[in-house]
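File shown: final32.cif (mmCIF, C-alpha atoms).
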data_target
loop_
_atom_site.label_atom_id
_atom_site.label_comp_id
_atom_site.auth_asym_id
_atom_site.auth_seq_id
_atom_site.Cartn_x
_atom_site.Cartn_y
_atom_site.Cartn_z
CA MET A 1 33.25 -32.73 -7.92
CA SER A 2 29.50 -32.36 -7.63
CA GLY A 3 29.97 -30.86 -4.14
CA THR A 4 32.07 -28.09 -5.68
CA THR A 5 29.48 -27.20 -8.29
CA ASN A 6 26.70 -27.24 -5.70
CA ALA A 7 28.51 -24.91 -3.30
CA PRO A 8 27.74 -21.65 -5.16
CA THR A 9 24.12 -22.72 -5.60
CA SER A 10 23.64 -23.44 -1.92
CA GLN A 11 25.38 -20.19 -0.97
CA GLY A 12 23.18 -18.29 -3.40
CA SER A 13 20.03 -19.88 -2.03
CA THR A 14 20.68 -18.44 1.44
CA MET A 15 20.39 -14.93 0.05
CA SER A 16 16.99 -13.57 1.11
CA THR A 17 17.56 -9.90 0.33
CA SER A 18 16.24 -10.26 -3.23
CA GLU A 19 12.84 -11.30 -1.85
CA PHE A 20 12.11 -7.66 -0.96
CA SER A 21 12.25 -4.49 -3.02
CA THR A 22 14.76 -1.74 -2.35
CA LEU A 23 13.92 1.94 -2.63
CA ASP A 24 17.24 3.27 -3.88
CA ALA A 25 17.30 4.51 -7.49
CA ALA A 26 18.02 1.05 -8.92
CA GLY A 27 15.30 -0.54 -6.79
CA VAL A 28 12.70 2.03 -7.84
CA ASP A 29 13.65 1.40 -11.49
CA ARG A 30 13.16 -2.37 -10.92
CA ILE A 31 9.73 -1.72 -9.38
CA ARG A 32 8.71 0.43 -12.34
CA GLU A 33 9.96 -2.15 -14.85
CA SER A 34 8.66 -5.31 -13.16
CA LYS A 35 5.42 -3.71 -11.88
CA THR A 36 5.92 -5.51 -8.55
CA ALA A 37 6.96 -4.21 -5.14
CA ARG A 38 7.39 -6.26 -1.98
CA LEU A 39 8.10 -4.36 1.24
CA ASP A 40 9.10 -5.94 4.55
CA MET A 41 7.21 -4.48 7.50
CA SER A 42 7.14 -7.81 9.36
CA SER A 43 8.85 -6.13 12.31
CA GLY A 44 6.08 -3.51 12.39
CA ARG A 45 8.25 -0.90 10.65
CA LEU A 46 9.91 -0.23 7.30
CA GLU A 47 13.49 0.69 8.10
CA LYS A 48 15.34 2.96 5.66
CA ALA A 49 18.56 0.93 5.90
CA ALA A 50 16.71 -2.26 4.94
CA VAL A 51 15.56 -0.70 1.65
CA ARG A 52 18.92 0.97 0.88
CA VAL A 53 17.84 4.52 1.62
CA THR A 54 20.11 6.78 3.68
CA GLU A 55 18.81 7.75 7.11
CA ASP A 56 18.52 11.45 6.21
CA SER A 57 16.62 10.74 2.97
CA TYR A 58 12.98 11.20 2.22
CA GLY A 59 11.10 8.38 0.58
CA PRO A 60 10.59 8.17 -3.16
CA GLU A 61 7.21 8.45 -4.81
CA ILE A 62 6.76 5.67 -7.34
CA ASN A 63 4.32 6.62 -10.08
CA THR A 64 3.40 4.36 -13.00
CA ARG A 65 0.15 5.99 -14.09
CA ASP A 66 1.24 6.01 -17.74
CA SER A 67 2.53 2.43 -17.82
CA GLY A 68 0.25 0.23 -15.70
CA LYS A 69 -0.29 -0.83 -12.13
CA ILE A 70 2.20 -2.19 -9.62
CA LYS A 71 1.36 -5.34 -7.66
CA LEU A 72 2.22 -4.19 -4.14
CA THR A 73 2.72 -6.56 -1.22
CA ILE A 74 3.55 -5.33 2.28
CA VAL A 75 4.58 -8.17 4.56
CA ALA A 76 3.06 -7.35 7.95
CA PRO A 77 3.65 -8.92 11.39
CA SER A 78 0.52 -11.03 10.77
CA GLY A 79 -0.16 -11.65 7.09
CA GLU A 80 0.16 -9.38 4.08
CA ILE A 81 -1.37 -6.19 2.77
CA THR A 82 -1.78 -6.27 -1.00
CA GLY A 83 -3.12 -4.10 -3.76
CA GLU A 84 -2.68 -3.03 -7.35
CA THR A 85 -1.73 0.61 -7.60
CA ASP A 86 -0.14 3.13 -9.92
CA ARG A 87 1.24 5.29 -7.11
CA ILE A 88 3.17 4.49 -3.93
CA ARG A 89 4.32 7.16 -1.49
CA LEU A 90 6.71 6.60 1.39
CA ASN A 91 6.46 9.19 4.12
CA THR A 92 9.25 10.08 6.54
CA THR A 93 11.46 12.90 7.72
CA ASP A 94 15.22 13.32 7.50
CA LYS A 95 15.38 12.56 11.26
CA ARG A 96 13.60 9.17 11.24
CA PRO A 97 15.40 5.84 10.63
CA ASP A 98 12.16 4.41 9.22
CA PHE A 99 9.11 5.39 7.20
CA SER A 100 6.15 6.70 9.18
CA GLU A 101 3.70 5.59 6.50
CA VAL A 102 3.37 3.77 3.19
CA THR A 103 0.54 5.19 1.12
CA TYR A 104 -0.91 3.73 -2.06
CA PHE A 105 -3.99 4.30 -4.18
CA LEU A 106 -6.69 1.80 -5.14
CA THR A 107 -9.07 2.67 -7.97
CA ALA A 108 -12.41 1.30 -9.09
CA GLY A 109 -14.34 1.84 -12.31
CA SER A 110 -17.80 1.36 -10.82
CA PRO A 111 -19.58 1.88 -7.50
CA HIS A 112 -20.02 -1.91 -7.15
CA GLU A 113 -16.28 -2.50 -7.62
CA TYR A 114 -15.54 0.31 -5.15
CA PHE A 115 -17.83 -1.18 -2.48
CA GLU A 116 -16.16 -4.57 -2.98
CA LEU A 117 -12.72 -3.01 -2.42
CA ILE A 118 -13.99 -1.50 0.85
CA ARG A 119 -15.51 -4.78 2.02
CA ASP A 120 -12.30 -6.58 1.10
CA GLY A 121 -10.38 -4.19 3.39
CA VAL A 122 -12.85 -4.91 6.19
CA ALA A 123 -12.37 -8.67 5.80
CA ARG A 124 -8.60 -8.67 5.29
CA TYR A 125 -7.35 -5.90 7.58
CA GLY A 126 -9.97 -5.54 10.31
CA ILE A 127 -11.23 -2.15 9.11
CA ASP A 128 -14.41 -1.19 10.99
CA ALA A 129 -17.31 -3.02 9.29
CA ASP A 130 -20.11 -0.87 10.77
CA SER A 131 -18.45 2.35 9.63
CA ALA A 132 -17.84 0.89 6.16
CA GLU A 133 -21.40 -0.41 5.72
CA ARG A 134 -22.92 2.90 6.90
CA TRP A 135 -20.82 4.74 4.32
CA ILE A 136 -21.72 2.24 1.56
CA ALA A 137 -25.44 2.51 2.40
CA GLY A 138 -25.24 6.31 2.14
CA ALA A 139 -23.45 6.09 -1.22
CA GLN A 140 -26.06 3.66 -2.53
CA ARG A 141 -28.88 6.04 -1.47
CA ASP A 142 -27.16 8.98 -3.17
CA PRO A 143 -24.98 7.58 -6.00
CA ASP A 144 -24.12 11.03 -7.40
CA ARG A 145 -22.73 12.36 -4.13
CA LYS A 146 -19.21 13.64 -3.64
CA THR A 147 -17.57 12.77 -0.34
CA GLU A 148 -14.29 12.25 1.47
CA PHE A 149 -14.44 9.84 4.41
CA SER A 150 -11.87 7.97 6.47
CA ILE A 151 -13.07 4.60 7.78
CA THR A 152 -11.85 3.57 11.24
CA SER A 153 -8.51 1.75 10.77
CA GLY A 154 -7.97 -1.97 11.00
CA THR A 155 -5.04 -3.55 12.84
CA SER A 156 -5.52 -7.29 12.32
CA THR A 157 -2.23 -7.49 10.37
CA GLY A 158 -0.23 -5.89 13.17
CA LEU A 159 -0.10 -2.63 11.18
CA ASP A 160 -2.59 0.25 11.12
CA VAL A 161 -4.42 0.09 7.77
CA ASN A 162 -6.66 3.05 6.99
CA TYR A 163 -8.97 3.47 3.99
CA ASP A 164 -9.43 7.13 3.09
CA LEU A 165 -12.38 7.17 0.68
CA ARG A 166 -12.45 9.74 -2.12
CA TYR A 167 -15.76 9.25 -3.87
CA ASP A 168 -17.34 11.38 -6.58
CA GLY A 169 -20.40 9.77 -8.19
CA GLY A 170 -20.00 12.12 -11.15
CA LYS A 171 -16.64 10.60 -12.11
CA ASP A 172 -15.83 7.30 -13.80
CA THR A 173 -13.00 6.36 -11.43
CA GLN A 174 -13.27 6.25 -7.65
CA VAL A 175 -10.22 6.30 -5.35
CA ILE A 176 -9.30 4.80 -1.99
CA ILE A 177 -6.11 6.15 -0.46
CA VAL A 178 -4.64 3.38 1.69
CA HIS A 179 -2.40 4.44 4.59
CA VAL A 180 -0.26 1.73 6.21
CA ARG A 181 1.45 2.74 9.46
CA PRO A 182 3.14 1.13 12.47
CA THR A 183 0.58 0.57 15.22
CA ASP A 184 2.57 2.35 17.94
#
Please, can you express the file's structure as structure tokens?
Amino acid sequence: MSGTTNAPTSQGSTMSTSEFSTLDAAGVDRIRESKTARLDMSSGRLEKAAVRVTEDSYGPEINTRDSGKIKLTIVAPSGEITGETDRIRLNTTDKRPDFSEVTYFLTAGSPHEYFELIRDGVARYGIDADSAERWIAGAQRDPDRKTEFSITSGTSTGLDVNYDLRYDGGKDTQVIIVHVRPTD
């Protein structure tokens, strides 16, 4: 008898699809409600079919600015890309079977916090350290400056991770736009 009651449990445990988020309407609602998103780019790509989006569809934009940040995890070929964000964009065309880019936004409430986010990207994703430190040194010399700068991408995860810095020393919140793309 115990074998019979265990059968559904063991069958259920082989299901791995729930480990990753879907991007159909129900999946986007779950992301907004749970404030977590986990995307599978372990193959180097995010396929539309794998996230329940039709091949001719464009990706959704998931925005939770009024209700808190989403804990985003992108499983890469080597490791994970993670961040807390209130906006995720998925870029594609109606001709592609995959997404050309996942974009999300990191924010910091102080220059120190902002510089730490940049250095974290250098350490975790292989973003160019010299380029990052030159930019940080310039921002420290002129804290009120306003600048847009894209640091040379890192590929240590097997994906192209780019930090597009949007810095305005006159504002309370600073933004990094993170672009995650296949490397080929």
Taking all atoms listed in the file into account, which of A:Tyr58, A:Tyr104, A:Phe149, A:Tyr163 comes nearest Asp120 of chain A?
->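 Closest candidate: A:Tyr163.
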Within 9 Å of Ala50 of chain A, counting all atoms listed in the file, which residues show up once you throw out same-chain ones fewer than 3 positions away? Write them as a list in words, please.
-> Thr17, Thr22, Asp40, Leu46, Glu47 and Val53 of chain A
Could you list the residues chosen by the PyMOL selection byres ((chain A and resi 182) around 10) in this structure as an mmCIF file with C-alpha atoms, in the frame of the given file?
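File expr-v5.cif, as written:
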data_model
loop_
_atom_site.group_PDB
_atom_site.id
_atom_site.type_symbol
_atom_site.label_atom_id
_atom_site.label_comp_id
_atom_site.auth_asym_id
_atom_site.auth_seq_id
_atom_site.Cartn_x
_atom_site.Cartn_y
_atom_site.Cartn_z
ATOM 1 C CA MET A 41 7.210 -4.480 7.500
ATOM 2 C CA SER A 43 8.850 -6.130 12.310
ATOM 3 C CA GLY A 44 6.080 -3.510 12.390
ATOM 4 C CA ARG A 45 8.250 -0.900 10.650
ATOM 5 C CA LEU A 46 9.910 -0.230 7.300
ATOM 6 C CA ALA A 76 3.060 -7.350 7.950
ATOM 7 C CA PHE A 99 9.110 5.390 7.200
ATOM 8 C CA SER A 100 6.150 6.700 9.180
ATOM 9 C CA GLU A 101 3.700 5.590 6.500
ATOM 10 C CA VAL A 102 3.370 3.770 3.190
ATOM 11 C CA THR A 155 -5.040 -3.550 12.840
ATOM 12 C CA GLY A 158 -0.230 -5.890 13.170
ATOM 13 C CA LEU A 159 -0.100 -2.630 11.180
ATOM 14 C CA ASP A 160 -2.590 0.250 11.120
ATOM 15 C CA VAL A 161 -4.420 0.090 7.770
ATOM 16 C CA VAL A 180 -0.260 1.730 6.210
ATOM 17 C CA ARG A 181 1.450 2.740 9.460
ATOM 18 C CA THR A 183 0.580 0.570 15.220
ATOM 19 C CA ASP A 184 2.570 2.350 17.940
#
Could you write out as a PyMOL selection string the residues that the PyMOL selection byres ((chain A and resi 36) around 6) matches in the shown file?
-> chain A and resi 31+34-35+37+70-72
Using all atoms listed in the file, which of the listed residues (A:Lys171, A:Lys48, A:Arg166, A:Lys146) sits closest to Thr93 of chain A?
-> A:Lys48
Quick one: residues within 12 Å of Arg32 of chain A, only C-alpha atoms counted, chain neighbours fewer than 5 positions away excluded, as a ChimeraX atom specification?
-> /A:21-23,25-27,37,61-72,85-88
Using only C-alpha atoms, which residues sit within 10 Å of Thr54 of chain A once same-chain residues fewer than 6 positions away are excluded, as number ranges by chain?
-> A: 24, 48, 94, 97-98
Do you know which residues the PyMOL selection byres ((chain A and resi 115) around 12) returns on this file, as a ChimeraX atom specification?
-> /A:106-114,116-122,129,132-140,143,163,165,167,174-176
In Å to one decimal, how far is atom CA of Arg89 of chain A from atom CA of Arg145 of chain A?
->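 The value is 27.7 Å.
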Nearest residue to Ile74 of chain A from the set A:Ile151, A:Ala123, A:Val178, A:Val28 (distances using all atoms listed in the file) =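 Of the candidates, the smallest distance to Ile74 of chain A is held by A:Val178.
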For a cut-off of 8 Å around (-5.7, 10.4, 4.9), file coordinates, pick out all residues using all atoms listed in the file and list them as a short mmCIF file (atom, residue, chain, number, x, y, z; two decimals) with C-alpha atoms, in the coordinates of the input.
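Produced file result_23.cif, reproduced below:
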data_model
loop_
_atom_site.label_atom_id
_atom_site.label_comp_id
_atom_site.auth_asym_id
_atom_site.auth_seq_id
_atom_site.Cartn_x
_atom_site.Cartn_y
_atom_site.Cartn_z
CA SER A 150 -11.87 7.97 6.47
CA ASN A 162 -6.66 3.05 6.99
CA TYR A 163 -8.97 3.47 3.99
CA ASP A 164 -9.43 7.13 3.09
CA ILE A 177 -6.11 6.15 -0.46
CA VAL A 178 -4.64 3.38 1.69
CA HIS A 179 -2.40 4.44 4.59
#
Between atom CA of Gly169 of chain A and atom CA of Gly83 of chain A lies a distance of 22.6 Å
Distance atom CA of Gly59 of chain A-atom CA of Glu148 of chain A, one decimal place?
->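 These two atoms are separated by 25.7 Å.
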Which residue, A:Ala49, A:Phe20, A:Asp128, A:Asp172, has the smallest gap to Thr73 of chain A when you use all atoms listed in the file?
->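 The closest residue to Thr73 of chain A is A:Phe20.
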Repaired coordinates for segment 111-126 of chain A (N, CA, C and O atoms) as a compact mmCIF listing (two decimals), in the coordinates of the input:
# COMPACT_ATOMS: atom_id res chain seq x y z
N PRO A 111 -19.24 1.89 -8.92
CA PRO A 111 -19.58 1.88 -7.50
C PRO A 111 -19.53 0.46 -6.91
O PRO A 111 -19.00 0.26 -5.82
N HIS A 112 -20.03 -0.53 -7.64
CA HIS A 112 -20.02 -1.91 -7.15
C HIS A 112 -18.58 -2.37 -6.86
O HIS A 112 -18.30 -2.94 -5.81
N GLU A 113 -17.68 -2.12 -7.80
CA GLU A 113 -16.28 -2.50 -7.62
C GLU A 113 -15.67 -1.76 -6.42
O GLU A 113 -14.91 -2.32 -5.64
N TYR A 114 -16.04 -0.51 -6.26
CA TYR A 114 -15.54 0.31 -5.15
C TYR A 114 -16.00 -0.27 -3.81
O TYR A 114 -15.21 -0.44 -2.89
N PHE A 115 -17.29 -0.61 -3.72
CA PHE A 115 -17.83 -1.18 -2.48
C PHE A 115 -17.15 -2.51 -2.16
O PHE A 115 -16.90 -2.82 -1.00
N GLU A 116 -16.85 -3.29 -3.19
CA GLU A 116 -16.16 -4.57 -2.98
C GLU A 116 -14.75 -4.35 -2.44
O GLU A 116 -14.28 -5.11 -1.60
N LEU A 117 -14.06 -3.33 -2.95
CA LEU A 117 -12.72 -3.01 -2.42
C LEU A 117 -12.81 -2.66 -0.93
O LEU A 117 -11.97 -3.09 -0.14
N ILE A 118 -13.81 -1.88 -0.56
CA ILE A 118 -13.99 -1.50 0.85
C ILE A 118 -14.26 -2.73 1.69
O ILE A 118 -13.63 -2.94 2.74
N ARG A 119 -15.18 -3.57 1.25
CA ARG A 119 -15.51 -4.78 2.02
C ARG A 119 -14.33 -5.73 2.11
O ARG A 119 -14.15 -6.43 3.11
N ASP A 120 -13.51 -5.77 1.07
CA ASP A 120 -12.30 -6.58 1.10
C ASP A 120 -11.36 -6.08 2.20
O ASP A 120 -10.77 -6.88 2.93
N GLY A 121 -11.22 -4.76 2.33
CA GLY A 121 -10.38 -4.19 3.39
C GLY A 121 -10.91 -4.52 4.78
O GLY A 121 -10.13 -4.77 5.71
N VAL A 122 -12.23 -4.53 4.91
CA VAL A 122 -12.85 -4.91 6.19
C VAL A 122 -12.47 -6.35 6.53
O VAL A 122 -12.01 -6.65 7.63
N ALA A 123 -12.63 -7.25 5.57
CA ALA A 123 -12.37 -8.67 5.80
C ALA A 123 -10.90 -8.97 6.02
O ALA A 123 -10.55 -9.77 6.89
N ARG A 124 -10.03 -8.32 5.26
CA ARG A 124 -8.60 -8.67 5.29
C ARG A 124 -7.80 -7.94 6.37
O ARG A 124 -6.82 -8.49 6.86
N TYR A 125 -8.20 -6.72 6.70
CA TYR A 125 -7.35 -5.90 7.58
C TYR A 125 -8.02 -5.49 8.88
O TYR A 125 -7.42 -4.80 9.69
N GLY A 126 -9.28 -5.88 9.07
CA GLY A 126 -9.97 -5.54 10.31
C GLY A 126 -10.50 -4.11 10.35
O GLY A 126 -10.78 -3.58 11.41
